[in-house]
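Chemist: Here it is, the structure, as structure tokens.
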Amino acid sequence: MKFSKTAKMIATSVVTLASVVALAACTSSSQKANSSQTVEVETKSLNTLYQEALKEGGTVVYYAGGDTAEQNDDTKTAFEQRFPGMKLEVVTDYSKVQNGRLEYQMATNNVVADVVQLQTLNDFTYWKKQNKLLTYKPAGWDKVYKDFKDPDGTWVGGYVLAFGNVVNTKALGSTSEPKTAKDLLNSELKGKLISTYPNDDDAVLFWYKQMIDKNGWEWMANLIKQDPKFVRGTQEPGDKVGAGEYAVTLGTAGLLDQSAESHLVIPEKEGFVAWAQRMAILKDAKHPAGAKLFENWLLDKETQQNNIFQWSVRTDATPAGVKPIWEYKNANLKEFVNFMEDRAEVERFRAQIRLFVGDVQGPSSAGERGLTPSTRAVQ
């Protein structure tokens with residue numbers, strides 16, 4: 001039997017299409033198989049991991065998001081006291097600087113960091129897709145709140161931070177604590193407000209976005225009339241409010257103890273912003289045993305109860321006097337993750353708010369750390 005040219009073309013197309021479908025099915029099955037592979041949760045004790053880390057050399061290089069070089073000194077001290085002979089080299093810098101530094105190190109095959117923990121949540125999604133993160137589930141994995149960990153084990157939240165209004169009750173005097181955006185426009189607070197430049201920090205930017213989405217740009221214009229002081233980093237505003245130099249800081253972390261002279265105001269309905277600071281071990285880490293020890297120690301229940309500034313990521317270690325952070329619907333946990341993933345939206349809003357606060361002024365509060373720092377010395 002002879003086939004026409006058209007028939008032959010159709011037959012060839014069908015075979016080709018069938019091959020493509022078969023290949024796609026095979027690829028899909030392979031991807032499903034890979035994604036369904038179970039990563040076992042760590043079963044080794046902290047002491048066993050400690051001994052393995054010592055044999056490796058006893059060093060961990062930890063790149064942390066933060067505002068000042070010494071901001072994570074307490075973590076360094078607690079870790080090294082718990083594990084004598086171990087050295088935790090901490091490099092603290094703005095997350096938006098750390099991510100660029102890490103990208104450079106990855107691109108030049110000179111990864112210095114072992115463990116990274118940053119506010120830029122979107123970076124972990126990207127690095128997972130780029131296969132840059134070690135797949136690992138520390139002990140206590142099942143106790144970490146479900147939204148604070150990657151199901152595949154490439155990253156996990158180390159602790160929870162929350163930004164909102166931090167007040168000094170002594171500096172406020174007879175003025176009521178501002179619990180809403182409109183409360184910040186109280187004439188009695190004029191000249192008593194301090195804030196991180198919202199265009200310099202994405203978490204602060206998101207806090208401002210919530211206020212503006214609810215109250216309009218007119219609220220922002222009126223806030224500027226209150227003569228707020230804008231500075232770099234979130235540490236300085238908190239420190240100055242704690243010292244009583246200002247009465248209120250906007251979009252900063254503070255103590256949860258509502259009886260403390262300086263504390264974070266946890267609003268009943270008004271929005272604030274909270275997130276789990278994501279942590280991961282880099283696939284090219286030079287000290288993987290030390291990195292695993294650090295992650296297991298940080299997520300250990302004792303550490304989460306005694307060494308965490310605000311909320312724990314564990315479901316069994318909620319601070320006294322407050323609810324678990326995921327029970328505060330106005331904490332906007334998922335909304336902040338979505339905001340961070342939509343970089344175009346972030347930049348659009350940043351450009352708008354710059355019109356009110358101007359360009360960011362002043363040197364980095366974390367200092368200039370260089371391309372490949374492993375200690376506080378500039379390299």
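Chain labels A, B, ... are given in the sequence in which chains occur in the structure tokens; within each chain residues are numbered consecutively from 1, and ligands are likewise numbered from 1 in the order shown.
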Residues near A:Ala53, anyone? I mean within 8 Å using only C-alpha atoms, not counting same-chain ones fewer than 6 positions away, as a PyMOL selection string.
Modeler: chain A and resi 59+86+287+289-290+293
Chemist: How close does each residue of stretch 279-369 of chain A get to stretch 232-236 of chain A, giving the shortest atom pair and distance in Å to one decimal for every residue with an atom at most 10 Å away, counting only C-alpha atoms, sorted by chain and residue number, as a Markdown table?
Modeler:
| residue | atom | partner | partner_atom | distance |
| --- | --- | --- | --- | --- |
| A:Val360 | CA | A:Arg232 | CA | 7.3 |
| A:Gln361 | CA | A:Arg232 | CA | 7.3 |
| A:Gly362 | CA | A:Arg232 | CA | 6.8 |
| A:Pro363 | CA | A:Arg232 | CA | 7.7 |
| A:Ser364 | CA | A:Arg232 | CA | 6.8 |
| A:Ser365 | CA | A:Gly233 | CA | 6.3 |
| A:Ala366 | CA | A:Gly233 | CA | 8.2 |
Chemist: Can you write just those residues out, C-alpha atoms, as an mmCIF file, in the first residue's frame?
Modeler:
data_model
loop_
_atom_site.group_PDB
_atom_site.id
_atom_site.type_symbol
_atom_site.label_atom_id
_atom_site.label_comp_id
_atom_site.auth_asym_id
_atom_site.auth_seq_id
_atom_site.Cartn_x
_atom_site.Cartn_y
_atom_site.Cartn_z
ATOM 1 C CA VAL A 360 18.188 56.997 51.556
ATOM 2 C CA GLN A 361 20.823 59.032 53.373
ATOM 3 C CA GLY A 362 23.790 57.986 55.454
ATOM 4 C CA PRO A 363 26.326 55.141 55.540
ATOM 5 C CA SER A 364 25.355 51.529 56.142
ATOM 6 C CA SER A 365 24.847 50.867 59.843
ATOM 7 C CA ALA A 366 26.359 47.408 59.301
#
Chemist: Pick from A:Ala139, A:Ala253, A:Val90, A:Val61: nearest to A:Lys44, with only C-alpha atoms counted?
Modeler: A:Ala139
Chemist: Which residues are close to stretch 184-188 of chain A, i.e. within 9 Å by only C-alpha atoms, leaving aside same-chain residues fewer than 3 positions away? Reply as a list in words.
Modeler: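 Contacts, in chain order: Leu172, Thr175, Pro178, Lys179, Thr180, Ala181, Gly191, Lys192, Leu193, Trp219, Asn222, Leu223, Lys225, Gln226 and Val248 of chain A.
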Chemist: Give me, please, the distance in Å between atom CA of A:Ile224 and atom CA of A:Lys190, quoted to one decimal.
Modeler: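 Atom CA of A:Ile224 sits 9.6 Å away from atom CA of A:Lys190.
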Chemist: Per DSSP on the backbone, what are the alpha helix (DSSP H) residues of stretch 116-347 of chain A, as a ChimeraX atom specification?
Modeler: /A:121-129,169-172,202-215,217-224,235-242,288-299,301-306,333-341,343-347
Chemist: With a distance cut-off of 8 Å and only C-alpha atoms, select the neighbouring residues of stretch 338-353 of chain A, excluding the residue or stretch itself and same-chain residues fewer than 6 positions from it, and output the selection as an MDAnalysis selection string.
Modeler: chainID A and resid 120:122 198:199 202 205:206 209
Chemist: Based on the selection just made, write C-alpha atoms of those residues as a PDB file, in the first residue's frame.
Modeler:
ATOM      1  CA  THR A 120      14.863  38.315  51.696  1.00  0.00           C
ATOM      2  CA  LEU A 121      12.553  35.284  51.636  1.00  0.00           C
ATOM      3  CA  ASN A 122      12.380  35.245  47.859  1.00  0.00           C
ATOM      4  CA  PRO A 198      10.905  52.437  54.125  1.00  0.00           C
ATOM      5  CA  ASN A 199      12.680  52.422  50.758  1.00  0.00           C
ATOM      6  CA  ASP A 202      11.482  45.598  52.417  1.00  0.00           C
ATOM      7  CA  LEU A 205       8.261  49.002  53.199  1.00  0.00           C
ATOM      8  CA  PHE A 206       5.550  46.355  53.538  1.00  0.00           C
ATOM      9  CA  LYS A 209       2.169  49.620  52.317  1.00  0.00           C
TER      10      LYS A 209
END
Chemist: Which is closest to A:Ala64 among A:Phe272, A:His263, A:Tyr104, A:Ala280, if we use only C-alpha atoms?
Modeler: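 Of the candidates, the smallest distance to A:Ala64 is held by A:Ala280.
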Chemist: Determine which residues of stretch 270-344 of chain A DSSP labels as strand (DSSP E or B) from the backbone of this structure, then write them out as an NGL selection string.
Modeler: :A and (273-282 or 311 or 314)
Chemist: Identify, on the basis of only C-alpha atoms, every residue whose closest approach to stretch 313-315 of chain A does not exceed 10 Å; exclude the query and any residue fewer than 5 positions from it along the same chain; express the result as a ChimeraX atom specification.
Modeler: /A:140-149,156-161,275-277,299-301,304-305,308,324-326
Chemist: Can you tell me how far atom CA of A:Asp150 sits from atom CA of A:Ser95, in Å to one decimal?
Modeler: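 Going from atom CA of A:Asp150 over to atom CA of A:Ser95 covers 19.5 Å.
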Chemist: Looking at only C-alpha atoms, which of A:Asp213, A:Asp200, A:Glu218, A:Glu268 is the one that sits closest to A:Arg354?
Modeler: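 Looking only at the distances to A:Arg354, the closest residue turns out to be A:Asp200.
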Chemist: For A:Gly242, please output as a PyMOL selection string all residues within 12 Å (counting only C-alpha atoms; exclusion window: fewer than 5 positions along the same chain).
Modeler: chain A and resi 166-172+194+235-237+247-249+252-255+260-264
Chemist: Have a look at atom CA of A:Val41 and atom CA of A:Gly153 and let me know their distance in Å, one decimal.
Modeler: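 Straight-line distance from atom CA of A:Val41 to atom CA of A:Gly153 works out to 9.1 Å.
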